[in-house]
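*Asks:* The file below is protein_15.txt, compact mmCIF, C-alpha atoms:
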# COMPACT_ATOMS: atom_id res chain seq x y z
CA MET S 1 -17.57 5.52 -13.68
CA LYS S 2 -19.97 3.53 -11.54
CA VAL S 3 -18.17 1.92 -8.62
CA ASP S 4 -20.16 -1.30 -8.92
CA LEU S 5 -18.39 -1.97 -12.23
CA PHE S 6 -15.36 -2.85 -10.10
CA ASP S 7 -17.14 -5.39 -7.92
CA PHE S 8 -16.48 -9.13 -7.88
CA ALA S 9 -17.21 -12.06 -5.56
CA LEU S 10 -14.23 -13.34 -3.59
CA PRO S 11 -14.56 -16.53 -1.52
CA PRO S 12 -13.31 -15.78 2.03
CA GLU S 13 -10.92 -18.74 1.93
CA ARG S 14 -8.94 -16.97 -0.82
CA ILE S 15 -7.77 -14.30 1.68
CA ALA S 16 -4.22 -15.11 2.82
CA LEU S 17 -3.62 -14.88 6.57
CA ARG S 18 0.13 -15.61 6.36
CA PRO S 19 2.68 -14.96 3.60
CA ALA S 20 4.24 -17.68 1.51
CA SER S 21 7.43 -19.19 2.90
CA PRO S 22 9.95 -18.57 1.50
CA ARG S 23 8.60 -15.25 0.32
CA ASP S 24 9.56 -15.70 -3.33
CA SER S 25 7.70 -19.02 -3.55
CA ALA S 26 4.42 -17.10 -3.93
CA ARG S 27 2.56 -17.56 -7.18
CA LEU S 28 2.81 -14.98 -9.96
CA LEU S 29 0.05 -14.38 -12.51
CA VAL S 30 1.63 -12.72 -15.54
CA LEU S 31 -0.52 -10.63 -17.87
CA ASP S 32 1.78 -9.78 -20.78
CA GLY S 33 -0.27 -8.02 -23.43
CA ASP S 34 -2.91 -10.59 -24.35
CA ALA S 35 -0.95 -13.53 -22.88
CA THR S 36 -1.70 -15.01 -19.45
CA ARG S 37 0.83 -17.20 -17.64
CA ASP S 38 0.69 -18.98 -14.26
CA LEU S 39 4.16 -18.85 -12.74
CA ALA S 40 5.97 -18.25 -9.43
CA VAL S 41 7.70 -15.10 -8.17
CA THR S 42 11.04 -16.90 -8.63
CA ASP S 43 10.29 -16.83 -12.38
CA LEU S 44 10.26 -13.02 -12.43
CA PRO S 45 13.74 -12.53 -13.94
CA GLY S 46 12.66 -14.44 -17.04
CA GLN S 47 9.58 -12.26 -17.50
CA LEU S 48 11.52 -9.00 -17.71
CA ARG S 49 14.21 -7.72 -20.07
CA ALA S 50 17.80 -6.70 -19.49
CA GLY S 51 17.74 -2.93 -19.06
CA ASP S 52 14.39 -2.86 -17.25
CA MET S 53 14.25 -1.34 -13.77
CA LEU S 54 12.12 -2.35 -10.81
CA VAL S 55 11.14 0.47 -8.46
CA PHE S 56 10.55 -0.35 -4.78
CA ASN S 57 9.04 1.66 -1.95
CA ASP S 58 11.49 1.76 0.98
CA THR S 59 8.97 2.92 3.57
CA ARG S 60 8.99 1.09 6.91
CA VAL S 61 5.82 0.17 8.77
CA ILE S 62 5.58 1.60 12.28
CA PRO S 63 3.51 0.07 15.13
CA ALA S 64 0.68 2.47 14.43
CA GLN S 65 -2.21 0.57 16.02
CA LEU S 66 -3.02 1.82 19.52
CA GLU S 67 -5.54 0.75 22.16
CA GLY S 68 -6.44 3.17 24.94
CA ILE S 69 -9.08 4.51 27.26
CA ARG S 70 -10.83 7.85 27.71
CA GLY S 71 -12.60 7.74 31.03
CA ASP S 72 -14.44 4.41 31.01
CA ALA S 73 -14.52 4.14 27.21
CA LYS S 74 -12.22 1.89 25.19
CA ILE S 75 -10.72 3.75 22.25
CA GLY S 76 -8.83 2.34 19.26
CA ALA S 77 -6.60 4.50 17.09
CA THR S 78 -4.86 3.82 13.79
CA LEU S 79 -2.37 6.51 12.83
CA HIS S 80 -2.34 7.23 9.13
CA LYS S 81 -0.48 10.48 8.38
CA ARG S 82 2.08 12.56 10.25
CA GLU S 83 1.10 16.22 10.52
CA GLY S 84 3.95 17.45 12.72
CA PRO S 85 6.75 16.31 15.05
CA ARG S 86 4.28 15.17 17.73
CA ARG S 87 1.03 15.17 15.79
CA TRP S 88 -0.59 12.44 13.68
CA ARG S 89 -3.93 12.18 11.94
CA ALA S 90 -5.66 9.00 13.14
CA PHE S 91 -8.78 7.00 12.46
CA ILE S 92 -10.57 6.40 15.76
CA ARG S 93 -12.72 3.48 16.83
CA ASN S 94 -15.52 4.50 19.24
CA ALA S 95 -14.97 8.13 18.21
CA ARG S 96 -18.40 9.16 19.51
CA ARG S 97 -16.97 8.90 23.04
CA ILE S 98 -14.34 11.58 22.37
CA ARG S 99 -14.62 15.35 22.24
CA ASP S 100 -12.06 17.85 21.02
CA GLY S 101 -9.39 18.51 23.63
CA GLU S 102 -9.81 15.25 25.54
CA ALA S 103 -6.86 13.00 26.37
CA ILE S 104 -6.61 9.32 25.50
CA ASP S 105 -4.40 7.10 27.67
CA PHE S 106 -2.70 4.40 25.60
CA GLY S 107 -0.79 2.85 28.52
CA GLY S 108 2.95 2.67 29.09
CA GLY S 109 3.07 6.36 29.88
CA VAL S 110 1.77 7.21 26.38
CA SER S 111 -1.12 9.65 25.97
CA ALA S 112 -2.39 12.05 23.34
CA ILE S 113 -4.87 14.91 23.02
CA ALA S 114 -7.57 14.46 20.36
CA SER S 115 -8.62 17.47 18.33
CA GLU S 116 -9.93 18.68 14.97
CA ARG S 117 -12.32 15.88 14.09
CA GLN S 118 -12.92 15.65 10.33
CA GLU S 119 -15.85 14.36 8.30
CA ASP S 120 -14.14 11.01 7.76
CA GLY S 121 -14.17 10.42 11.53
CA SER S 122 -10.46 11.01 11.99
CA PHE S 123 -8.90 13.12 14.75
CA ALA S 124 -5.56 14.82 15.11
CA LEU S 125 -3.64 13.18 17.97
CA THR S 126 -0.96 15.29 19.65
CA PHE S 127 1.28 13.11 21.82
CA ALA S 128 2.31 14.31 25.26
CA GLY S 129 5.88 14.48 26.54
CA GLU S 130 9.22 15.03 24.85
CA GLU S 131 10.21 11.52 23.73
CA PRO S 132 10.15 10.96 19.96
CA VAL S 133 6.77 9.62 18.92
CA GLU S 134 8.52 6.64 17.30
CA LEU S 135 9.75 5.56 20.75
CA LEU S 136 6.26 5.96 22.20
CA LEU S 137 4.83 3.76 19.47
CA GLU S 138 7.46 1.09 20.03
CA ARG S 139 6.27 1.01 23.64
CA ALA S 140 2.51 1.21 23.22
CA GLY S 141 1.71 0.35 19.60
CA ARG S 142 1.34 -2.84 17.61
CA MET S 143 1.70 -3.77 13.97
CA PRO S 144 -1.32 -2.45 12.02
CA LEU S 145 -2.45 -5.52 10.11
CA PRO S 146 -5.07 -4.87 7.42
CA PRO S 147 -8.65 -5.25 8.66
CA TYR S 148 -9.31 -8.33 6.53
CA ILE S 149 -6.52 -10.12 8.43
CA ALA S 150 -7.00 -8.49 11.83
CA SER S 151 -10.66 -9.53 11.84
CA LYS S 152 -9.58 -13.18 11.61
CA ARG S 153 -6.52 -13.28 13.89
CA ALA S 154 -4.50 -11.02 16.17
CA ALA S 155 -1.12 -9.61 15.17
CA ASP S 156 1.75 -11.60 16.65
CA ALA S 157 5.54 -11.67 16.77
CA ARG S 158 5.78 -13.20 13.27
CA ASP S 159 4.12 -10.14 11.78
CA LEU S 160 6.92 -7.89 13.01
CA ASP S 161 9.06 -9.45 10.28
CA ASP S 162 6.43 -10.73 7.86
CA TYR S 163 4.85 -7.29 7.40
CA GLN S 164 8.11 -5.52 6.50
CA THR S 165 9.80 -5.68 3.11
CA MET S 166 13.53 -6.28 2.72
CA PHE S 167 13.79 -2.65 1.52
CA ALA S 168 12.13 -1.11 4.60
CA ALA S 169 14.26 1.81 5.81
CA GLU S 170 12.29 5.06 6.14
CA LYS S 171 9.89 4.89 9.11
CA GLY S 172 6.42 6.26 8.56
CA ALA S 173 4.02 3.81 6.91
CA VAL S 174 1.01 2.29 8.59
CA ALA S 175 0.60 -0.33 5.86
CA ALA S 176 3.24 -2.29 4.01
CA PRO S 177 3.92 -1.86 0.28
CA THR S 178 2.95 -5.51 -0.01
CA ALA S 179 4.10 -6.35 -3.55
CA ALA S 180 7.68 -6.03 -2.31
CA LEU S 181 7.08 -8.58 0.45
CA HIS S 182 7.77 -11.27 -2.18
CA PHE S 183 11.39 -10.25 -2.69
CA THR S 184 14.38 -12.01 -1.13
CA PRO S 185 18.14 -11.45 -1.40
CA GLU S 186 18.32 -14.55 -3.61
CA LEU S 187 15.72 -13.17 -6.01
CA MET S 188 17.50 -9.81 -6.15
CA THR S 189 20.75 -11.61 -7.03
CA ALA S 190 18.97 -13.40 -9.88
CA LEU S 191 17.49 -10.14 -11.14
CA ASP S 192 20.90 -8.46 -11.06
CA ALA S 193 22.38 -11.36 -13.02
CA ALA S 194 19.65 -10.93 -15.65
CA GLY S 195 20.57 -7.27 -16.10
CA ILE S 196 17.45 -5.96 -14.37
CA GLY S 197 18.15 -2.94 -12.18
CA HIS S 198 16.33 -1.56 -9.19
CA ALA S 199 15.75 1.77 -7.47
CA THR S 200 13.90 2.95 -4.40
CA LEU S 201 11.59 5.82 -3.56
CA THR S 202 9.59 6.58 -0.41
CA LEU S 203 5.84 6.79 -0.03
CA HIS S 204 4.48 6.51 3.51
CA VAL S 205 1.38 4.39 3.02
CA GLY S 206 -1.61 5.55 5.06
CA ALA S 207 -4.51 3.61 6.54
CA GLY S 208 -6.75 5.31 3.98
CA THR S 209 -5.59 2.65 1.53
CA PHE S 210 -7.99 0.22 3.25
CA LEU S 211 -11.02 2.49 3.31
CA PRO S 212 -13.90 1.33 1.09
CA VAL S 213 -15.15 3.49 -1.73
CA LYS S 214 -18.56 4.57 -0.42
CA ALA S 215 -19.51 6.78 -3.36
CA GLU S 216 -21.64 5.37 -6.17
CA ASP S 217 -19.48 7.03 -8.81
CA THR S 218 -15.68 7.29 -8.88
CA ALA S 219 -15.95 11.02 -9.55
CA ALA S 220 -17.36 11.52 -6.03
CA HIS S 221 -14.59 9.64 -4.19
CA ARG S 222 -11.94 11.63 -2.34
CA MET S 223 -8.53 10.03 -1.81
CA HIS S 224 -6.54 10.53 1.40
CA THR S 225 -3.18 12.22 0.98
CA GLU S 226 0.11 10.42 1.55
CA TRP S 227 3.62 11.85 1.74
CA GLY S 228 6.27 10.75 -0.72
CA ARG S 229 9.74 11.56 -2.06
CA ILE S 230 11.72 10.81 -5.22
CA ASP S 231 15.18 12.32 -4.98
CA PRO S 232 16.86 13.93 -8.02
CA ALA S 233 19.34 11.06 -8.51
CA THR S 234 16.55 8.46 -8.59
CA ALA S 235 14.46 10.52 -10.99
CA ALA S 236 17.47 10.82 -13.31
CA ARG S 237 18.08 7.06 -13.19
CA LEU S 238 14.48 6.26 -14.09
CA ASN S 239 14.49 8.73 -16.98
CA ALA S 240 17.77 7.26 -18.24
CA VAL S 241 16.29 3.75 -18.25
CA ARG S 242 13.40 4.81 -20.44
CA ALA S 243 15.61 6.90 -22.70
CA ALA S 244 17.72 3.78 -23.33
CA GLY S 245 14.67 1.70 -24.26
CA GLY S 246 14.20 -0.03 -20.91
CA ARG S 247 10.99 -0.20 -18.94
CA VAL S 248 10.21 1.24 -15.52
CA ILE S 249 8.27 -1.43 -13.62
CA ALA S 250 6.70 -0.24 -10.37
CA VAL S 251 6.68 -2.80 -7.57
CA GLY S 252 3.40 -2.02 -5.86
CA THR S 253 0.69 0.51 -6.44
CA THR S 254 2.38 2.89 -3.97
CA SER S 255 5.49 3.12 -6.16
CA LEU S 256 3.33 3.56 -9.25
CA ARG S 257 1.20 6.31 -7.71
CA LEU S 258 4.25 8.30 -6.64
CA ILE S 259 5.97 7.96 -10.02
CA GLU S 260 2.81 9.08 -11.78
CA SER S 261 2.52 12.00 -9.37
CA ALA S 262 6.06 13.05 -10.28
CA ALA S 263 5.89 12.55 -14.06
CA ASP S 264 5.22 15.55 -16.27
CA ARG S 265 3.11 15.66 -19.43
CA ASP S 266 6.07 14.50 -21.52
CA GLY S 267 6.66 11.44 -19.34
CA ILE S 268 9.75 12.89 -17.66
CA ILE S 269 9.91 11.92 -13.99
CA GLN S 270 10.72 14.97 -11.90
CA PRO S 271 12.14 15.01 -8.36
CA PHE S 272 9.24 15.06 -5.93
CA GLU S 273 8.71 15.71 -2.24
CA GLY S 274 5.30 16.32 -0.72
CA ASP S 275 1.77 15.02 -0.54
CA THR S 276 -0.06 13.13 -3.23
CA ALA S 277 -3.71 12.16 -3.47
CA ILE S 278 -3.60 10.86 -7.05
CA PHE S 279 -6.62 8.69 -7.94
CA ILE S 280 -6.16 6.54 -11.04
CA THR S 281 -9.20 5.11 -12.82
CA PRO S 282 -9.83 3.80 -16.37
CA GLY S 283 -9.18 6.53 -18.90
CA TYR S 284 -6.03 7.73 -17.13
CA ARG S 285 -2.98 8.15 -19.40
CA PHE S 286 0.09 6.63 -17.73
CA LYS S 287 3.16 8.82 -18.10
CA GLY S 288 5.98 7.42 -15.95
CA VAL S 289 5.59 3.64 -15.66
CA ASP S 290 5.57 0.82 -18.19
CA GLY S 291 4.35 -2.01 -15.98
CA LEU S 292 3.39 -3.02 -12.47
CA MET S 293 3.96 -5.91 -10.09
CA THR S 294 1.21 -5.97 -7.49
CA ASN S 295 -0.85 -8.23 -5.25
CA PHE S 296 -4.54 -8.99 -5.77
CA HIS S 297 -6.83 -6.24 -4.50
CA LEU S 298 -10.21 -5.84 -2.86
CA PRO S 299 -13.40 -5.52 -4.91
CA ARG S 300 -14.64 -1.95 -5.39
CA SER S 301 -11.27 -0.64 -4.17
CA THR S 302 -9.24 2.24 -5.58
CA LEU S 303 -6.43 -0.25 -6.22
CA PHE S 304 -8.56 -2.54 -8.37
CA MET S 305 -9.60 0.61 -10.25
CA LEU S 306 -5.90 1.42 -10.74
CA VAL S 307 -4.97 -1.97 -12.23
CA SER S 308 -8.08 -1.76 -14.42
CA ALA S 309 -6.83 1.58 -15.70
CA LEU S 310 -3.49 -0.01 -16.58
CA MET S 311 -4.75 -3.20 -18.26
CA GLY S 312 -8.42 -2.56 -19.04
CA LEU S 313 -11.42 -3.40 -16.87
CA GLU S 314 -12.52 -6.47 -18.84
CA ARG S 315 -8.97 -7.84 -18.85
CA MET S 316 -8.68 -7.48 -15.09
CA GLN S 317 -12.12 -8.90 -14.40
CA ALA S 318 -11.17 -11.97 -16.42
CA ALA S 319 -7.76 -12.19 -14.74
CA TYR S 320 -9.26 -12.05 -11.25
CA ALA S 321 -11.84 -14.70 -12.18
CA HIS S 322 -8.95 -16.87 -13.39
CA ALA S 323 -7.02 -16.26 -10.17
CA ILE S 324 -10.00 -17.16 -7.99
CA ALA S 325 -10.77 -20.30 -9.99
CA ASN S 326 -7.13 -21.40 -9.83
CA GLY S 327 -6.59 -20.95 -6.11
CA TYR S 328 -4.49 -17.78 -5.99
CA ARG S 329 -4.19 -16.19 -2.55
CA PHE S 330 -5.45 -12.61 -2.24
CA TYR S 331 -4.54 -9.33 -0.53
CA SER S 332 -1.56 -8.24 1.55
CA TYR S 333 -0.08 -11.67 2.36
CA GLY S 334 -1.28 -13.22 -0.90
CA ASP S 335 0.18 -13.97 -4.32
CA ALA S 336 1.32 -11.47 -6.94
CA SER S 337 0.57 -10.40 -10.49
CA LEU S 338 2.85 -8.87 -13.11
CA LEU S 339 0.99 -6.47 -15.39
CA LEU S 340 2.67 -5.58 -18.68
CA PRO S 341 0.26 -3.66 -20.95
Represent the structure of the file as structure tokens.
*Replies:*
Amino acid sequence: MKVDLFDFALPPERIALRPASPRDSARLLVLDGDATRDLAVTDLPGQLRAGDMLVFNDTRVIPAQLEGIRGDAKIGATLHKREGPRRWRAFIRNARRIRDGEAIDFGGGVSAIASERQEDGSFALTFAGEEPVELLLERAGRMPLPPYIASKRAADARDLDDYQTMFAAEKGAVAAPTAALHFTPELMTALDAAGIGHATLTLHVGAGTFLPVKAEDTAAHRMHTEWGRIDPATAARLNAVRAAGGRVIAVGTTSLRLIESAADRDGIIQPFEGDTAIFITPGYRFKGVDGLMTNFHLPRSTLFMLVSALMGLERMQAAYAHAIANGYRFYSYGDASLLLP
């Protein structure tokens, strides 16, 4: 499909620079079949059925944004995928000033050797020393806010909490699974009381999620890989929900992409551990999920293509036009939508 089919005009003032407070006070646009409802995230329990299950991504964002120097050149690095105990693939700013085998000094006694540049401009960074890389990042890194926020303000102490979900446990993401940012202990209690279950999986979100689609046709776009895991017990729980007539509702496109990567042709969700580069566009047949809660996405992005695959392109174009006209807040710190095809 032509990528420009997924374009739309978004006024800059619709981009949220801070999350709603409290988190579950964010607005919720519900697309339930042909019905459209303007609600709040606190209304979520009433929009689902007893026996449904929400699936959250328990990845934890690491301080993966680094600023360093190589000689007299300033170098920026955003880690996006672990390749070994001391090695990460990273997108590099000012990459033309680096050659394979050169060291970048990130301050605080943290340095790394750059190697194996790829066509996308990324390098492998191998960190020096014996300390765990996670400790090095705590010392030298900062929270990797999305570019559409970072271009308008610097990350600060509030983001250390704001950009983590209440489910964050497994360190490794460089972007938050932002749909889950709306959840609070009080909302989870209300969902439990309504008979709506929840489960967790892990997908370490990479910085590739923010890269624009540069191809003119979706068939020419190559997704970056991300590592994920669904353990056998979780897979069995999700299959049992569907077998009993309940729905599996992914919270966030990361949860959905991993479930769809793990589901077989018959819709049975298998245990999964490894990389996925699944790219979902209109025409895709969903096998493992029955709905999605997600934030509002960028024009021409793979994520807007994904929600268009779930609900139909015309339906999503109309829904986004409605959201823009009615003052919904967009992107990572913005409002949410509940998509029930």
*Asks:* Write out as an MDAnalysis selection string each polymer residue whose atoms come within 10 Å of S:Gly46, counting all atoms listed in the file; drop sequence neighbours fewer than 5 positions from it.
*Replies:* chainID S and resid 190:191 194
*Asks:* Give the answer as one residue: which of S:Phe123, S:Phe304, S:Trp227, S:Tyr284 has the shortest atom-to-atom distance to S:Lys171, using only C-alpha atoms?
*Replies:*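 Closest residue, counting only C-alpha atoms: S:Trp227.
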*Asks:* Enter the distance from atom CA of S:Phe8 to atom CA of S:Leu313, in Å, rounded to one decimal.
*Replies:*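 Atom CA of S:Leu313 lies at a distance of 11.8 Å from atom CA of S:Phe8.
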*Asks:* Suppose you want the space between atom CA of S:Ala219 and atom CA of S:Ser301; what is it in Å?
*Replies:* 13.7 Å
*Asks:* Identify which of the residues S:Leu125, S:Leu181, S:Met293, S:Leu135 lies closest to S:Ser25, counting only C-alpha atoms when measuring atom-to-atom distances.
*Replies:*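 Ranked by minimum distance to S:Ser25, first place goes to S:Leu181.
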*Asks:* The residues within 12 Å of (-9.4, -0.6, -17.2), using all atoms listed in the file and the coordinates of the file, should be reported as a list in words; which are they?
*Replies:*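 So the residues meeting the distance criterion are Met1, Leu5, Phe6, Ile280, Thr281, Pro282, Gly283, Tyr284, Arg285, Phe286, Thr302, Leu303, Phe304, Met305, Leu306, Val307, Ser308, Ala309, Leu310, Met311, Gly312, Leu313, Glu314, Arg315, Met316, Gln317, Ala318, Ala319 and Pro341 of chain S.
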*Asks:* Report, in Å with one decimal, the straight-line distance from atom CA of S:Ala64 to atom CA of S:Asp335.
*Replies:*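 One can read the atom CA of S:Ala64 to atom CA of S:Asp335 distance as 24.9 Å.
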*Asks:* Applying 10 Å and all atoms listed in the file, which residues near S:Ile259 remain after dropping the ones on its own chain fewer than 2 positions away? List them as a PyMOL selection string.
*Replies:* chain S and resi 55+201+228-230+235+238+248+250+253-257+261-264+267-272+286-289
*Asks:* Check the smallest atom-to-atom distance from each of S:Gln118, S:Thr200, S:Thr184, S:Thr218 to S:Thr165 using only C-alpha atoms, then report the winner.
*Replies:*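 Among the listed residues, S:Thr184 lies closest to S:Thr165.
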*Asks:* May I ask which of the residues S:Val241, S:Ile15, S:Leu338, S:Val133 is the closest one to S:Arg87, counting all atoms listed in the file?
*Replies:* S:Val133
*Asks:* Give the answer as one residue: which of S:Val61, S:Ile324, S:Ala220, S:Ala244 has the shortest atom-to-atom distance to S:Ala168, using all atoms listed in the file?
*Replies:*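 Using all atoms listed in the file, the shortest distance to S:Ala168 belongs to S:Val61.
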*Asks:* Have a look at S:Leu203, S:Leu187, S:Val213, S:Ala35 and name the one nearest to S:Gly274; count only C-alpha atoms.
*Replies:*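 Result for the nearest residue to S:Gly274: S:Leu203.
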*Asks:* Residues near S:Phe167, anyone? I mean within 12 Å using all atoms listed in the file, not counting same-chain ones fewer than 2 positions away, as a VMD selection string.
*Replies:* chain S and resid 55 to 61 163 to 165 169 to 171 176 to 185 188 198 to 202 251
*Asks:* List as a PDB file with C-alpha atoms, keeping the file's coordinate frame: which residues have an atom within 8 Å of (-8.1, 4.9, 21.6), counting only C-alpha atoms?
*Replies:*
ATOM      1  CA  LEU S  66      -3.020   1.820  19.520  1.00  0.00           C
ATOM      2  CA  GLU S  67      -5.540   0.750  22.160  1.00  0.00           C
ATOM      3  CA  GLY S  68      -6.440   3.170  24.940  1.00  0.00           C
ATOM      4  CA  ILE S  69      -9.080   4.510  27.260  1.00  0.00           C
ATOM      5  CA  ARG S  70     -10.830   7.850  27.710  1.00  0.00           C
ATOM      6  CA  LYS S  74     -12.220   1.890  25.190  1.00  0.00           C
ATOM      7  CA  ILE S  75     -10.720   3.750  22.250  1.00  0.00           C
ATOM      8  CA  GLY S  76      -8.830   2.340  19.260  1.00  0.00           C
ATOM      9  CA  ALA S  77      -6.600   4.500  17.090  1.00  0.00           C
ATOM     10  CA  ILE S  92     -10.570   6.400  15.760  1.00  0.00           C
ATOM     11  CA  ARG S  93     -12.720   3.480  16.830  1.00  0.00           C
ATOM     12  CA  ASN S  94     -15.520   4.500  19.240  1.00  0.00           C
ATOM     13  CA  ILE S 104      -6.610   9.320  25.500  1.00  0.00           C
ATOM     14  CA  ASP S 105      -4.400   7.100  27.670  1.00  0.00           C
ATOM     15  CA  PHE S 106      -2.700   4.400  25.600  1.00  0.00           C
TER      16      PHE S 106
END
*Asks:* Could you list, as an MDAnalysis selection string, every residue within 12 Å of S:Tyr320, counting only C-alpha atoms and ignoring same-chain residues fewer than 6 positions away?
*Replies:* chainID S and resid 6:11 14 29:31 36 295:299 304 307:308 313:314 326:330 335:337
*Asks:* Grab the residues selected above and save them as a compact mmCIF listing (two decimals), in the coordinates of the input with C-alpha atoms.
*Replies:*
# COMPACT_ATOMS: atom_id res chain seq x y z
CA PHE S 6 -15.36 -2.85 -10.10
CA ASP S 7 -17.14 -5.39 -7.92
CA PHE S 8 -16.48 -9.13 -7.88
CA ALA S 9 -17.21 -12.06 -5.56
CA LEU S 10 -14.23 -13.34 -3.59
CA PRO S 11 -14.56 -16.53 -1.52
CA ARG S 14 -8.94 -16.97 -0.82
CA LEU S 29 0.05 -14.38 -12.51
CA VAL S 30 1.63 -12.72 -15.54
CA LEU S 31 -0.52 -10.63 -17.87
CA THR S 36 -1.70 -15.01 -19.45
CA ASN S 295 -0.85 -8.23 -5.25
CA PHE S 296 -4.54 -8.99 -5.77
CA HIS S 297 -6.83 -6.24 -4.50
CA LEU S 298 -10.21 -5.84 -2.86
CA PRO S 299 -13.40 -5.52 -4.91
CA PHE S 304 -8.56 -2.54 -8.37
CA VAL S 307 -4.97 -1.97 -12.23
CA SER S 308 -8.08 -1.76 -14.42
CA LEU S 313 -11.42 -3.40 -16.87
CA GLU S 314 -12.52 -6.47 -18.84
CA ASN S 326 -7.13 -21.40 -9.83
CA GLY S 327 -6.59 -20.95 -6.11
CA TYR S 328 -4.49 -17.78 -5.99
CA ARG S 329 -4.19 -16.19 -2.55
CA PHE S 330 -5.45 -12.61 -2.24
CA ASP S 335 0.18 -13.97 -4.32
CA ALA S 336 1.32 -11.47 -6.94
CA SER S 337 0.57 -10.40 -10.49
*Asks:* Take every atom of stretch 107-117 of chain S listed in the file, pad by 5 Å on each side, and give me the axis-aligned box centre and edge lengths in Å, one decimal, as lines of an AutoDock Vina configuration file.
*Replies:*
center_x = -4.6
center_y = 10.7
center_z = 22.0
size_x = 25.4
size_y = 26.0
size_z = 25.8
*Asks:* Find the residues near S:Ala207: any atom within 9 Å, counting all atoms listed in the file, skip ones fewer than 2 places away on the same chain, and give them as an mmCIF file with C-alpha atoms, keeping the file's coordinate frame.
*Replies:*
data_model
loop_
_atom_site.group_PDB
_atom_site.id
_atom_site.type_symbol
_atom_site.label_atom_id
_atom_site.label_comp_id
_atom_site.auth_asym_id
_atom_site.auth_seq_id
_atom_site.Cartn_x
_atom_site.Cartn_y
_atom_site.Cartn_z
ATOM 1 C CA THR S 78 -4.860 3.820 13.790
ATOM 2 C CA LEU S 79 -2.370 6.510 12.830
ATOM 3 C CA HIS S 80 -2.340 7.230 9.130
ATOM 4 C CA LYS S 81 -0.480 10.480 8.380
ATOM 5 C CA ALA S 90 -5.660 9.000 13.140
ATOM 6 C CA PHE S 91 -8.780 7.000 12.460
ATOM 7 C CA PRO S 144 -1.320 -2.450 12.020
ATOM 8 C CA PRO S 146 -5.070 -4.870 7.420
ATOM 9 C CA ALA S 173 4.020 3.810 6.910
ATOM 10 C CA VAL S 174 1.010 2.290 8.590
ATOM 11 C CA ALA S 175 0.600 -0.330 5.860
ATOM 12 C CA VAL S 205 1.380 4.390 3.020
ATOM 13 C CA THR S 209 -5.590 2.650 1.530
ATOM 14 C CA PHE S 210 -7.990 0.220 3.250
ATOM 15 C CA LEU S 211 -11.020 2.490 3.310
ATOM 16 C CA HIS S 224 -6.540 10.530 1.400
#
